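Enquirer: Would you mind keeping the following structure in view while I ask a few things?
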Amino acid sequence: MTNKEKSAELVNKYVHVFSCPICKSPMEVTHLKSLVCLNNHTFDFAKQGYVNMLTHAAHSHYDKQLFTARREIILKSGLYTFLHEKISEVINDALSAAKDEIMIVDAGCGEGSHLQRILDECENVRITGIGLDISKEGIRMAASNYKESIWLVGDLANSPLADQSCHFILNILSPANYKKFKRVLVPNGFVIKVVPRTHYLKELREAIFDGKDKKVYKNDETISLFKQHFHLADMINLSYTRELNHKELTNLVQMSPLAWNSSKNDINRIINQGISEVTVDLDILIGINKQIKGGEE
Ligand SMILES: C[S@@+](CC[C@H](N)C(=O)[O-])C[C@H]1O[C@@H](n2cnc3c(N)ncnc32)[C@H](O)[C@@H]1O
Ligand SMILES: [Zn+2]
C-alpha cells in the first residue's frame with residue numbers, strides 16, 4: 001500500500017470529521033484517491049498523503065528553509081520540550097475519564113513537529129491528530145515525516161472540518177480565528193493557545209535589531225480577546241533560558257519571521273557574533289468552549 005493510500009484509509013476512518021470547504025456538505029473518500037463531497041467537489045490526496053483543501057490560491061512567507069530550521073530546533077535542540085510536556089499534561093488531565101475517539105487539531109501546525117511531539121507524550125491511544133496549515137510547503141514536510149496524523153492544506157478561516165467535530169484545538173505561535181474554532185469544537189472542547197510574552201527570544205531580537213528596537217511586546221490584548229470567546233480555565237507561564245550551540249543558533253535565526261527583513265550579511269553577522277543563550281517566554285492559554293454571556297458569537 002502506498003503512503004497516499006494509507007493516508008486515505010486514515011481519513012476514511014474519520015471522514016465524518018470533514019465538511020466540504022466550498023459547500024459545507026459531508027464528504028467521503030473515493031477509491032483511496034480523493035475526498036469528495038455530496039456536490040462532487042473533489043480534493044485529491046497528494047503522493048506524500050496530505051490533502052490540499054484550499055479554495056483559493058494562498059501565498060505564504062513561510063518557505064522550506066524556515067520549516068526545515070523549525071523542525072531541527074523543535075526535534076533536536078529541546079528548546080520546546082517543556083512546552084510539549086505542559087500541553088500534553090493539560091490534554092492528559094482533561095482526558096483521564098474519556099473513552100471515545102478524540103480529535104486534536106493543530107491550527108497553523110507548520111511542519112507538524114509540535115503536534116507530533118505533543119501526541120508522543122499523550123497517554124490516550126484513542127487520540128488522532130489533524131494538522132492544518134495554509135502553507136503547502138509545511139504540510140508537505142509534515143506528511144512526509146509523520147504518517148500517523150492527518151495533514152491538510154487549508155485556511156483556518158474556512159477550514160474543511162465539520163461543526164462540533166473536534167475536542168482540542170492547538171494554536172501554537174500562529175494566527176487564530178476564534179469564531180471558526182468555536183464552530184469546529186465540541187461543547188466544552190478546549191483551545192490551547194501559545195502566545196509569546198515580552199522576553200520571548202529577546203537575545204535574537206536584540207541581535208537582529210542591533211539594540212534599536214525599543215518596542216516592548218505585550219500580549220494583554222491577545223489574552224483579552226481570547227477571554228471574550230472562551231472561558232479561560234488556566235494560563236501557564238513558561239519562562240526559561242537555554243544555551244545554544246552554533247548549529248542551533250543558525251537554525252534559530254532561520255526559523256524566525258524576525259529575520260525576514262534582514263539581509264544575508266546581517267544574518268551572517270548575527271550567526272558569527274554568536275548568541276550563547278536564548279530565552280523562551282511563553283503563555284499557554286487554556287480556554288473552554290462555553291457560551292459566554294456578552295461574548296461575541
Ligand atoms: C510562526 S508559524 C508557526 C508554525 C508552528 N505552529 C510552529 O510553531 O512551528 C505560523 C503558521 O501559521 C500559518 N498560517 C498563517 N495564516 C494561516 C491561515 N489563515 N490558515 C492556516 N494557517 C495559517 C503559517 O503558514 C505558519 O505555518
Ligand atoms: Zn462541496
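Each chain of the C-alpha cells is named A, B, ... in the order shown, its residues numbered from 1; ligands are numbered from 1 in display order.
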Region 74-119 of chain A: which residues are strand (DSSP E) by DSSP, as a PyMOL selection string?
Expert: chain A and resi 102-107
Enquirer: Tell me, counting only C-alpha atoms and all ligand atoms, for each residue of chain A within 6 Å of ligand 2, which pair of atoms is nearest and how far apart they are in Å to one decimal, in rows ordered by chain and increasing number, as CSV.
Expert:
residue,atom,partner,partner_atom_place_in_ligand_line,distance
A:Cys20,CA,ligand 2,1 (Zn),4.6
A:Ile22,CA,ligand 2,1 (Zn),4.9
A:Cys23,CA,ligand 2,1 (Zn),4.1
A:Lys24,CA,ligand 2,1 (Zn),5.9
A:Ser25,CA,ligand 2,1 (Zn),5.6
A:Cys37,CA,ligand 2,1 (Zn),4.8
A:Asn39,CA,ligand 2,1 (Zn),4.9
A:His41,CA,ligand 2,1 (Zn),4.5
Enquirer: When you look at region 186-190 of chain A with a cut-off of 8 Å (counting only C-alpha atoms), what residues show up, excluding the ones that are within fewer than 3 positions of it in the same chain? I need them as a list in words.
Expert: Asp163, Gln164, Ser165, Cys166, His167, Phe168, Ile169, Lys182, Ile286, Gly287, Ile288, Asn289 and Lys290 of chain A
Enquirer: Taking only C-alpha atoms and all ligand atoms into account, which residues are within 8 Å of ligand 1, as number ranges by chain?
Expert: A: 60-62, 67, 70-71, 74, 106-114, 132-135, 138, 153-157, 171-176, 256-257
Enquirer: May I have the residues from that selection written out with N, CA, C and O atoms, as a tab-separated table (two decimals), in the first residue's frame?
Expert:
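Okay, this is what ended up in result-v6.tsv:
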chain	number	residue	atom	x	y	z
A	60	SER	N	2.38	32.27	0.96
A	60	SER	CA	2.91	32.23	2.32
A	60	SER	C	4.37	32.64	2.32
A	60	SER	O	5.14	32.28	1.44
A	61	HIS	N	4.75	33.44	3.31
A	61	HIS	CA	6.14	33.82	3.51
A	61	HIS	C	6.97	32.65	3.99
A	61	HIS	O	8.19	32.66	3.96
A	62	TYR	N	6.28	31.66	4.57
A	62	TYR	CA	6.96	30.55	5.22
A	62	TYR	C	7.44	29.57	4.15
A	62	TYR	O	6.64	29.00	3.44
A	67	PHE	N	10.87	26.12	7.49
A	67	PHE	CA	10.26	24.95	8.15
A	67	PHE	C	11.32	23.91	8.51
A	67	PHE	O	11.21	23.23	9.54
A	70	ARG	N	12.82	25.13	11.67
A	70	ARG	CA	11.89	24.93	12.81
A	70	ARG	C	11.92	23.47	13.25
A	70	ARG	O	11.95	23.15	14.42
A	71	ARG	N	11.90	22.59	12.27
A	71	ARG	CA	11.90	21.15	12.58
A	71	ARG	C	13.15	20.76	13.37
A	71	ARG	O	13.08	20.05	14.37
A	74	ILE	N	12.86	22.20	16.92
A	74	ILE	CA	11.84	21.54	17.74
A	74	ILE	C	12.28	20.12	18.12
A	74	ILE	O	12.13	19.69	19.25
A	106	ASP	N	-4.28	20.80	15.17
A	106	ASP	CA	-3.28	21.85	15.35
A	106	ASP	C	-3.52	22.87	14.23
A	106	ASP	O	-3.24	22.59	13.05
A	107	ALA	N	-4.08	24.02	14.59
A	107	ALA	CA	-4.44	25.05	13.60
A	107	ALA	C	-3.24	25.97	13.39
A	107	ALA	O	-2.85	26.69	14.30
A	108	GLY	N	-2.65	25.90	12.19
A	108	GLY	CA	-1.39	26.62	11.92
A	108	GLY	C	-0.23	25.77	12.41
A	108	GLY	O	0.64	26.22	13.13
A	109	CYS	N	-0.23	24.49	11.97
A	109	CYS	CA	0.72	23.50	12.51
A	109	CYS	C	2.11	23.60	11.91
A	109	CYS	O	3.03	22.94	12.37
A	110	GLY	N	2.27	24.40	10.83
A	110	GLY	CA	3.58	24.47	10.18
A	110	GLY	C	4.00	23.10	9.69
A	110	GLY	O	3.22	22.40	9.05
A	111	GLU	N	5.25	22.70	10.03
A	111	GLU	CA	5.76	21.40	9.52
A	111	GLU	C	5.42	20.24	10.47
A	111	GLU	O	5.93	19.14	10.28
A	112	GLY	N	4.58	20.49	11.46
A	112	GLY	CA	3.96	19.38	12.20
A	112	GLY	C	4.70	18.82	13.40
A	112	GLY	O	4.16	17.96	14.10
A	113	SER	N	5.92	19.30	13.68
A	113	SER	CA	6.69	18.65	14.76
A	113	SER	C	6.12	18.91	16.16
A	113	SER	O	6.21	18.05	17.02
A	114	HIS	N	5.54	20.10	16.38
A	114	HIS	CA	4.93	20.33	17.70
A	114	HIS	C	3.81	19.31	17.94
A	114	HIS	O	3.73	18.68	18.99
A	132	LEU	N	-3.40	21.36	10.34
A	132	LEU	CA	-3.95	22.23	9.28
A	132	LEU	C	-3.04	23.44	9.13
A	132	LEU	O	-2.70	24.09	10.13
A	133	ASP	N	-2.66	23.73	7.91
A	133	ASP	CA	-1.86	24.94	7.69
A	133	ASP	C	-2.09	25.42	6.26
A	133	ASP	O	-2.33	24.62	5.35
A	134	ILE	N	-1.97	26.73	6.09
A	134	ILE	CA	-2.19	27.31	4.77
A	134	ILE	C	-0.98	27.11	3.86
A	134	ILE	O	-1.08	27.25	2.64
A	135	SER	N	0.15	26.74	4.48
A	135	SER	CA	1.37	26.56	3.69
A	135	SER	C	1.53	25.13	3.19
A	135	SER	O	1.66	24.19	3.99
A	138	GLY	N	4.85	23.52	4.34
A	138	GLY	CA	4.84	23.00	5.70
A	138	GLY	C	4.12	21.66	5.77
A	138	GLY	O	4.61	20.68	6.36
A	153	VAL	N	-3.79	20.97	3.83
A	153	VAL	CA	-3.52	22.35	3.47
A	153	VAL	C	-4.88	23.04	3.50
A	153	VAL	O	-5.82	22.61	2.82
A	154	GLY	N	-5.02	24.05	4.31
A	154	GLY	CA	-6.31	24.72	4.40
A	154	GLY	C	-6.18	26.03	5.14
A	154	GLY	O	-5.15	26.30	5.79
A	155	ASP	N	-7.22	26.83	5.04
A	155	ASP	CA	-7.25	28.15	5.67
A	155	ASP	C	-8.10	28.05	6.93
A	155	ASP	O	-9.25	27.58	6.85
A	156	LEU	N	-7.56	28.49	8.04
A	156	LEU	CA	-8.38	28.34	9.25
A	156	LEU	C	-9.61	29.23	9.23
A	156	LEU	O	-10.55	29.04	10.01
A	157	ALA	N	-9.66	30.19	8.32
A	157	ALA	CA	-10.88	30.99	8.17
A	157	ALA	C	-11.97	30.21	7.43
A	157	ALA	O	-13.14	30.58	7.44
A	171	ASN	N	-3.08	25.92	19.02
A	171	ASN	CA	-2.82	27.09	18.18
A	171	ASN	C	-1.51	27.70	18.70
A	171	ASN	O	-1.52	28.49	19.62
A	172	ILE	N	-0.41	27.22	18.09
A	172	ILE	CA	0.91	27.50	18.67
A	172	ILE	C	1.63	28.56	17.85
A	172	ILE	O	2.00	28.31	16.69
A	173	LEU	N	1.80	29.73	18.42
A	173	LEU	CA	2.52	30.82	17.78
A	173	LEU	C	1.98	31.11	16.38
A	173	LEU	O	2.74	31.43	15.46
A	174	SER	N	0.69	30.92	16.21
A	174	SER	CA	0.05	31.08	14.90
A	174	SER	C	-1.18	31.98	15.01
A	174	SER	O	-1.73	32.12	16.10
A	175	PRO	N	-1.63	32.53	13.87
A	175	PRO	CA	-2.86	33.33	13.93
A	175	PRO	C	-4.07	32.46	14.30
A	175	PRO	O	-4.02	31.23	14.15
A	176	ALA	N	-5.12	33.10	14.80
A	176	ALA	CA	-6.30	32.34	15.23
A	176	ALA	C	-7.54	32.88	14.53
A	176	ALA	O	-7.54	33.98	13.97
A	256	SER	N	12.93	31.99	12.24
A	256	SER	CA	12.12	33.05	12.83
A	256	SER	C	11.69	34.11	11.82
A	256	SER	O	12.52	34.63	11.08
A	257	PRO	N	10.41	34.45	11.81
A	257	PRO	CA	9.96	35.56	10.96
A	257	PRO	C	10.68	36.87	11.31
A	257	PRO	O	10.69	37.78	10.50
Enquirer: Counting only C-alpha atoms, figure out which residue out of A:Glu5, A:Phe226, A:Leu204, A:Phe209 gets nearest to Gly274 (chain A).
Expert: A:Leu204
Enquirer: Residues at most 10 Å from Ile236 (chain A), counting only C-alpha atoms, excluding those fewer than 4 positions away in the same chain, as an MDAnalysis selection string?
Expert: chainID A and resid 83 86:87 194 282:286
Enquirer: Could you write out the selected residues, including N, CA, C and O atoms, as a PDB file, in the first residue's frame?
Expert:
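Once written, part_10.pdb looks like this:
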ATOM      1  N   LEU A  83       7.369  22.965  26.758  1.00  0.00           N
ATOM      2  CA  LEU A  83       6.079  23.337  26.159  1.00  0.00           C
ATOM      3  C   LEU A  83       5.290  22.075  25.790  1.00  0.00           C
ATOM      4  O   LEU A  83       4.103  21.945  26.118  1.00  0.00           O
ATOM      5  N   LYS A  86       4.039  20.343  28.989  1.00  0.00           N
ATOM      6  CA  LYS A  86       2.923  21.051  29.643  1.00  0.00           C
ATOM      7  C   LYS A  86       1.623  20.834  28.876  1.00  0.00           C
ATOM      8  O   LYS A  86       0.568  20.555  29.455  1.00  0.00           O
ATOM      9  N   ILE A  87       1.700  20.974  27.555  1.00  0.00           N
ATOM     10  CA  ILE A  87       0.468  20.834  26.758  1.00  0.00           C
ATOM     11  C   ILE A  87      -0.062  19.405  26.867  1.00  0.00           C
ATOM     12  O   ILE A  87      -1.271  19.190  27.032  1.00  0.00           O
ATOM     13  N   VAL A 194      -0.789  29.127  22.350  1.00  0.00           N
ATOM     14  CA  VAL A 194       0.529  29.528  22.856  1.00  0.00           C
ATOM     15  C   VAL A 194       0.877  30.888  22.274  1.00  0.00           C
ATOM     16  O   VAL A 194       0.877  31.074  21.054  1.00  0.00           O
ATOM     17  N   LEU A 282       6.780  32.252  27.246  1.00  0.00           N
ATOM     18  CA  LEU A 282       5.507  31.995  26.568  1.00  0.00           C
ATOM     19  C   LEU A 282       4.361  31.893  27.565  1.00  0.00           C
ATOM     20  O   LEU A 282       4.568  31.514  28.714  1.00  0.00           O
ATOM     21  N   ASP A 283       3.167  32.215  27.123  1.00  0.00           N
ATOM     22  CA  ASP A 283       1.966  31.895  27.889  1.00  0.00           C
ATOM     23  C   ASP A 283       1.198  30.805  27.153  1.00  0.00           C
ATOM     24  O   ASP A 283       1.047  30.860  25.927  1.00  0.00           O
ATOM     25  N   ILE A 284       0.714  29.844  27.904  1.00  0.00           N
ATOM     26  CA  ILE A 284      -0.193  28.835  27.319  1.00  0.00           C
ATOM     27  C   ILE A 284      -1.589  29.171  27.857  1.00  0.00           C
ATOM     28  O   ILE A 284      -1.837  29.096  29.063  1.00  0.00           O
ATOM     29  N   LEU A 285      -2.479  29.564  26.969  1.00  0.00           N
ATOM     30  CA  LEU A 285      -3.848  29.897  27.376  1.00  0.00           C
ATOM     31  C   LEU A 285      -4.715  28.658  27.177  1.00  0.00           C
ATOM     32  O   LEU A 285      -4.709  28.059  26.092  1.00  0.00           O
ATOM     33  N   ILE A 286      -5.450  28.299  28.210  1.00  0.00           N
ATOM     34  CA  ILE A 286      -6.308  27.120  28.091  1.00  0.00           C
ATOM     35  C   ILE A 286      -7.759  27.579  28.185  1.00  0.00           C
ATOM     36  O   ILE A 286      -8.212  28.024  29.247  1.00  0.00           O
TER      37      ILE A 286
END
